[in-house]
$ cat upload31.cif   # mmCIF, C-alpha atoms
data_upload
loop_
_atom_site.group_PDB
_atom_site.id
_atom_site.type_symbol
_atom_site.label_atom_id
_atom_site.label_comp_id
_atom_site.auth_asym_id
_atom_site.auth_seq_id
_atom_site.Cartn_x
_atom_site.Cartn_y
_atom_site.Cartn_z
ATOM 1 C CA MET K 919 44.421 -5.205 -13.249
ATOM 2 C CA SER K 920 47.222 -6.475 -11.141
ATOM 3 C CA GLU K 921 48.209 -10.115 -11.649
ATOM 4 C CA LYS K 922 49.056 -10.183 -7.950
ATOM 5 C CA TYR K 923 45.396 -9.680 -7.067
ATOM 6 C CA SER K 924 43.734 -11.560 -9.930
ATOM 7 C CA GLU K 925 42.740 -14.510 -7.730
ATOM 8 C CA ILE K 926 40.758 -12.593 -5.110
ATOM 9 C CA SER K 927 37.646 -11.903 -7.190
ATOM 10 C CA ARG K 928 36.019 -12.759 -10.488
ATOM 11 C CA PHE K 929 36.019 -9.007 -11.208
ATOM 12 C CA SER K 930 39.064 -6.937 -12.061
ATOM 13 C CA VAL K 931 40.959 -5.329 -9.210
ATOM 14 C CA PRO K 932 42.638 -1.940 -9.733
ATOM 15 C CA GLU K 933 46.255 -1.143 -8.935
ATOM 16 C CA LEU K 934 46.679 1.008 -5.826
ATOM 17 C CA SER K 935 48.392 3.667 -7.939
ATOM 18 C CA GLU K 936 45.241 3.944 -10.103
ATOM 19 C CA LEU K 937 42.916 4.767 -7.203
ATOM 20 C CA PRO K 938 41.684 8.187 -6.103
ATOM 21 C CA ASP K 939 43.894 9.632 -3.366
ATOM 22 C CA ASP K 940 41.338 9.310 -0.548
ATOM 23 C CA ILE K 941 40.736 5.614 -1.265
ATOM 24 C CA ARG K 942 44.410 4.809 -1.741
ATOM 25 C CA LYS K 943 45.262 6.567 1.541
ATOM 26 C CA ARG K 944 42.525 4.683 3.394
ATOM 27 C CA ILE K 945 43.789 1.365 2.047
ATOM 28 C CA GLU K 946 47.394 2.225 2.905
ATOM 29 C CA THR K 947 46.340 3.155 6.469
ATOM 30 C CA VAL K 948 44.667 -0.239 6.894
ATOM 31 C CA GLN K 949 47.750 -1.942 5.457
ATOM 32 C CA GLU K 950 50.027 -0.112 7.915
ATOM 33 C CA LYS K 951 47.811 -1.082 10.856
ATOM 34 C CA SER K 952 47.175 -4.728 9.952
ATOM 35 C CA GLY K 953 50.242 -5.620 7.903
ATOM 36 C CA PHE K 954 48.184 -6.539 4.823
ATOM 37 C CA ILE K 955 45.376 -5.205 2.654
ATOM 38 C CA PRO K 956 42.058 -6.980 3.229
ATOM 39 C CA ASN K 957 40.829 -8.152 -0.152
ATOM 40 C CA VAL K 958 37.442 -6.486 0.302
ATOM 41 C CA PHE K 959 39.142 -3.087 0.001
ATOM 42 C CA LEU K 960 40.748 -3.996 -3.303
ATOM 43 C CA VAL K 961 37.609 -5.570 -4.759
ATOM 44 C CA LEU K 962 35.334 -2.659 -3.816
ATOM 45 C CA ALA K 963 37.856 -0.018 -4.903
ATOM 46 C CA ARG K 964 37.063 -0.737 -8.560
ATOM 47 C CA ARG K 965 33.973 1.441 -8.017
ATOM 48 C CA PRO K 966 35.098 4.459 -5.959
ATOM 49 C CA ALA K 967 31.657 5.936 -5.177
ATOM 50 C CA GLU K 968 30.363 2.572 -3.973
ATOM 51 C CA PHE K 969 33.570 1.964 -1.985
ATOM 52 C CA ARG K 970 33.109 5.266 -0.146
ATOM 53 C CA ALA K 971 29.414 4.646 0.573
ATOM 54 C CA PHE K 972 30.050 1.064 1.728
ATOM 55 C CA MET K 973 32.907 2.031 4.037
ATOM 56 C CA ASP K 974 31.039 5.024 5.467
ATOM 57 C CA TYR K 975 28.006 2.894 6.337
ATOM 58 C CA HIS K 976 30.209 0.079 7.651
ATOM 59 C CA ASP K 977 31.987 2.501 9.975
ATOM 60 C CA ALA K 978 28.712 4.122 11.065
ATOM 61 C CA LEU K 979 27.442 0.712 12.178
ATOM 62 C CA MET K 980 30.571 -0.996 13.436
ATOM 63 C CA GLU K 981 32.700 1.760 14.993
ATOM 64 C CA LYS K 982 30.209 4.002 16.832
ATOM 65 C CA GLU K 983 29.291 4.077 20.508
ATOM 66 C CA SER K 984 26.454 1.624 21.022
ATOM 67 C CA GLY K 985 24.661 -0.566 23.541
ATOM 68 C CA LEU K 986 26.345 -3.450 21.693
ATOM 69 C CA SER K 987 30.029 -4.096 22.214
ATOM 70 C CA LYS K 988 32.278 -4.221 19.157
ATOM 71 C CA ALA K 989 32.637 -7.964 19.747
ATOM 72 C CA GLU K 990 28.850 -8.384 19.823
ATOM 73 C CA ARG K 991 28.561 -6.517 16.518
ATOM 74 C CA GLU K 992 31.096 -8.911 15.017
ATOM 75 C CA MET K 993 29.078 -11.833 16.447
ATOM 76 C CA ILE K 994 26.129 -10.622 14.373
ATOM 77 C CA VAL K 995 28.286 -10.431 11.249
ATOM 78 C CA VAL K 996 29.764 -13.914 11.681
ATOM 79 C CA THR K 997 26.453 -15.587 12.540
ATOM 80 C CA THR K 998 24.399 -14.042 9.735
ATOM 81 C CA SER K 999 27.239 -14.391 7.224
ATOM 82 C CA ALA K 1000 27.432 -18.104 8.004
ATOM 83 C CA ALA K 1001 23.691 -18.420 7.345
ATOM 84 C CA ASN K 1002 24.206 -16.551 4.057
ATOM 85 C CA GLN K 1003 27.147 -18.842 3.198
ATOM 86 C CA CYS K 1004 29.552 -15.932 2.777
ATOM 87 C CA GLN K 1005 32.984 -17.459 3.112
ATOM 88 C CA TYR K 1006 34.793 -14.105 2.974
ATOM 89 C CA CYS K 1007 32.809 -12.480 5.789
ATOM 90 C CA VAL K 1008 32.843 -15.531 8.042
ATOM 91 C CA ILE K 1009 36.623 -15.791 7.756
ATOM 92 C CA ALA K 1010 37.504 -12.080 7.854
ATOM 93 C CA HIS K 1011 35.013 -11.057 10.537
ATOM 94 C CA GLY K 1012 35.669 -14.278 12.420
ATOM 95 C CA ALA K 1013 39.270 -13.098 12.795
ATOM 96 C CA ILE K 1014 38.135 -9.669 13.985
ATOM 97 C CA LEU K 1015 35.719 -11.313 16.435
ATOM 98 C CA ARG K 1016 38.414 -13.594 17.872
ATOM 99 C CA ILE K 1017 40.579 -10.534 18.506
ATOM 100 C CA ARG K 1018 37.807 -8.328 19.926
ATOM 101 C CA ALA K 1019 36.367 -11.080 22.130
ATOM 102 C CA LYS K 1020 39.828 -12.357 23.104
ATOM 103 C CA ASN K 1021 38.446 -15.838 22.444
ATOM 104 C CA PRO K 1022 40.021 -18.151 19.844
ATOM 105 C CA LEU K 1023 36.945 -20.441 19.738
ATOM 106 C CA ILE K 1024 33.973 -18.091 19.502
ATOM 107 C CA ALA K 1025 33.952 -17.410 15.744
ATOM 108 C CA ASP K 1026 34.017 -21.109 14.845
ATOM 109 C CA GLN K 1027 31.270 -21.826 17.367
ATOM 110 C CA LEU K 1028 29.040 -19.074 15.995
ATOM 111 C CA ALA K 1029 29.650 -19.937 12.348
ATOM 112 C CA THR K 1030 28.780 -23.578 12.985
ATOM 113 C CA ASN K 1031 25.756 -23.185 15.294
ATOM 114 C CA TYR K 1032 25.335 -20.036 17.371
ATOM 115 C CA ARG K 1033 22.671 -21.726 19.519
ATOM 116 C CA LYS K 1034 25.351 -24.088 20.892
ATOM 117 C CA ALA K 1035 28.070 -21.445 21.268
ATOM 118 C CA ASP K 1036 29.472 -20.363 24.623
ATOM 119 C CA ILE K 1037 27.594 -17.040 24.753
ATOM 120 C CA THR K 1038 25.234 -15.318 27.173
ATOM 121 C CA GLU K 1039 21.440 -15.490 26.972
ATOM 122 C CA ARG K 1040 21.459 -11.802 25.973
ATOM 123 C CA GLN K 1041 23.809 -12.565 23.089
ATOM 124 C CA ARG K 1042 21.752 -15.573 21.990
ATOM 125 C CA LEU K 1043 18.581 -13.464 21.863
ATOM 126 C CA MET K 1044 20.512 -10.749 20.012
ATOM 127 C CA LEU K 1045 21.576 -13.361 17.450
ATOM 128 C CA ASP K 1046 18.077 -14.858 17.246
ATOM 129 C CA PHE K 1047 16.828 -11.402 16.258
ATOM 130 C CA ALA K 1048 19.720 -10.832 13.832
ATOM 131 C CA MET K 1049 19.007 -14.163 12.152
ATOM 132 C CA LYS K 1050 15.323 -13.334 11.864
ATOM 133 C CA VAL K 1051 16.177 -10.007 10.223
ATOM 134 C CA SER K 1052 18.701 -11.740 7.955
ATOM 135 C CA GLN K 1053 16.487 -14.622 6.857
ATOM 136 C CA THR K 1054 12.819 -13.721 7.473
ATOM 137 C CA ALA K 1055 12.561 -9.998 8.271
ATOM 138 C CA TYR K 1056 8.905 -10.016 7.229
ATOM 139 C CA GLU K 1057 8.178 -12.045 10.395
ATOM 140 C CA VAL K 1058 9.602 -9.480 12.842
ATOM 141 C CA SER K 1059 6.916 -8.524 15.359
ATOM 142 C CA GLU K 1060 6.460 -6.736 18.655
ATOM 143 C CA SER K 1061 7.207 -9.969 20.518
ATOM 144 C CA ASP K 1062 10.770 -9.859 19.148
ATOM 145 C CA PHE K 1063 11.281 -6.435 20.711
ATOM 146 C CA GLU K 1064 9.786 -7.661 23.981
ATOM 147 C CA ARG K 1065 12.275 -10.569 24.099
ATOM 148 C CA LEU K 1066 15.150 -8.170 23.470
ATOM 149 C CA ALA K 1067 13.916 -5.757 26.142
ATOM 150 C CA ALA K 1068 13.714 -8.607 28.655
ATOM 151 C CA VAL K 1069 17.511 -8.998 28.412
ATOM 152 C CA GLY K 1070 18.274 -5.270 28.424
ATOM 153 C CA LEU K 1071 18.385 -4.592 24.676
ATOM 154 C CA ASP K 1072 16.382 -1.449 23.899
ATOM 155 C CA GLN K 1073 14.950 -0.110 20.630
ATOM 156 C CA GLU K 1074 18.243 1.547 19.671
ATOM 157 C CA ASP K 1075 20.026 -1.777 20.180
ATOM 158 C CA ALA K 1076 17.359 -3.507 18.075
ATOM 159 C CA TRP K 1077 17.909 -0.952 15.318
ATOM 160 C CA ASP K 1078 21.663 -1.602 15.453
ATOM 161 C CA ILE K 1079 21.180 -5.375 15.330
ATOM 162 C CA ALA K 1080 18.816 -5.077 12.368
ATOM 163 C CA ALA K 1081 21.010 -2.591 10.505
ATOM 164 C CA ILE K 1082 24.118 -4.766 10.900
ATOM 165 C CA ALA K 1083 22.272 -7.907 9.780
ATOM 166 C CA ALA K 1084 20.774 -6.078 6.796
ATOM 167 C CA PHE K 1085 23.995 -4.343 5.753
ATOM 168 C CA PHE K 1086 25.976 -7.557 5.899
ATOM 169 C CA GLY K 1087 23.204 -9.380 4.039
ATOM 170 C CA MET K 1088 23.969 -7.027 1.129
ATOM 171 C CA SER K 1089 27.691 -7.439 1.671
ATOM 172 C CA ASN K 1090 27.381 -11.256 1.792
ATOM 173 C CA ARG K 1091 25.465 -11.335 -1.457
ATOM 174 C CA MET K 1092 27.974 -9.110 -3.255
ATOM 175 C CA ALA K 1093 30.959 -11.059 -1.883
ATOM 176 C CA ASN K 1094 29.381 -14.289 -3.128
ATOM 177 C CA VAL K 1095 28.681 -12.828 -6.586
ATOM 178 C CA GLN K 1096 32.235 -11.470 -6.705
ATOM 179 C CA SER K 1097 33.651 -14.817 -5.557
ATOM 180 C CA MET K 1098 35.721 -12.813 -3.091
ATOM 181 C CA ARG K 1099 38.487 -14.757 -1.345
ATOM 182 C CA ALA K 1100 39.693 -14.070 2.170
ATOM 183 C CA ASN K 1101 43.309 -13.176 2.786
ATOM 184 C CA ARG K 1102 45.377 -16.022 4.221
ATOM 185 C CA GLU K 1103 46.273 -13.794 7.165
ATOM 186 C CA PHE K 1104 42.666 -13.864 8.412
ATOM 187 C CA PHE K 1105 42.713 -17.630 8.951
ATOM 188 C CA THR K 1106 45.216 -17.460 11.805
ATOM 189 C CA LEU K 1107 44.481 -14.082 13.437
ATOM 190 C CA GLY K 1108 43.308 -14.300 17.030
ATOM 191 C CA ARG K 1109 43.889 -18.042 17.382
ATOM 192 C CA GLY K 1110 47.129 -18.009 19.361
#
$ encode --input "upload31.cif" --output "structure tokens"
Amino acid sequence: MSEKYSEISRFSVPELSELPDDIRKRIETVQEKSGFIPNVFLVLARRPAEFRAFMDYHDALMEKESGLSKAEREMIVVTTSAANQCQYCVIAHGAILRIRAKNPLIADQLATNYRKADITERQRLMLDFAMKVSQTAYEVSESDFERLAAVGLDQEDAWDIAAIAAFFGMSNRMANVQSMRANREFFTLGRG
């Protein structure tokens, strides 16, 4: 384990040179694009099969064409991650949200209380549904889908909202168990 990375997780973190080529190349591509390696990549890389599965599902949810904008998808991540008390995801995805929404305030507003944030009614109902999936999915009923439809969110959008909330619920729990720390770079991205 690298001493350089020993403070980002309670679990050991592999050296880049120790990783399978496909994972190392993916991490290096992210580093070239962003200027740093997000700690989540290093923490998850200790288990290559899980890293690949996690990243594939993440990309399937967060990078595809959808009725939800990329900023709205990040809104779901920040809001549900705040409810799940996942410091890493709130900070890291808050930075991505600020950049995608071109709004330096939105991530802090959502993480504190999405109901008071400067968002549209459509986005509030989207987040109401995401929070229900995140916290009390057993209560989801037809009336939830009717509320979404009333603001133009169809069944495919509802699936996307639910899948993002559920996937990040798993991610939040693992990040908390791992005691994963956010990179310092995330704290300032999208604020200027």
$ atom_distance --input "upload31.cif" --atom1 "atom CA of K:Glu933" --atom2 "atom CA of K:Arg1099"
17.4 Å
$ resolve_selection --input "upload31.cif" --expression "the PyMOL selection byres ((chain K and resi 1045) around 10)" --output "number ranges by chain"
K: 990-991, 993-995, 997-998, 1028, 1032-1033, 1039-1044, 1046-1051, 1079, 1083
$ residues_around --input "upload31.cif" --residues "stretch 976-981 of chain K" --least-positions-apart "5" --cutoff "12 Å" --atoms "all atoms listed in the file" --output "NGL selection string"
:K and (968-971 or 986-995 or 1011 or 1014-1015 or 1074-1075 or 1077-1086 or 1088-1089)
$ atom_distance --input "upload31.cif" --atom1 "atom CA of K:Ala1029" --atom2 "atom CA of K:Arg944"
29.2 Å
$ atom_distance --input "upload31.cif" --atom1 "atom CA of K:Ala1035" --atom2 "atom CA of K:Glu1103"
24.3 Å
$ closest_residue --input "upload31.cif" --among "K:Gly1110, K:Phe1104, K:Ala1067, K:Ser930" --to "K:Pro956" --atoms "all atoms listed in the file"
K:Phe1104
$ resolve_selection --input "upload31.cif" --expression "the PyMOL selection byres ((chain K and resi 1025) around 7)" --output "number ranges by chain"
K: 996, 1012, 1015-1016, 1023-1024, 1026-1029
$ residues_around --input "upload31.cif" --residues "K:Ala1100" --least-positions-apart "4" --cutoff "8 Å" --atoms "all atoms listed in the file" --output "ChimeraX atom specification"
/K:926,956-957,1005-1007,1009-1010,1104
$ resolve_selection --input "upload31.cif" --expression "the PyMOL selection byres ((chain K and resi 1095) around 12)" --output "MDAnalysis selection string"
chainID K and resid 927:929 961 1003:1006 1088:1094 1096:1099
$ residues_around --input "upload31.cif" --residues "K:Gly1087" --least-positions-apart "5" --cutoff "8 Å" --atoms "all atoms listed in the file" --output "ChimeraX atom specification"
/K:998-999,1002,1052
$ closest_residue --input "upload31.cif" --among "K:Val948, K:Val1069, K:Val958, K:Val1008" --to "K:Thr1038" --atoms "all atoms listed in the file"
K:Val1069
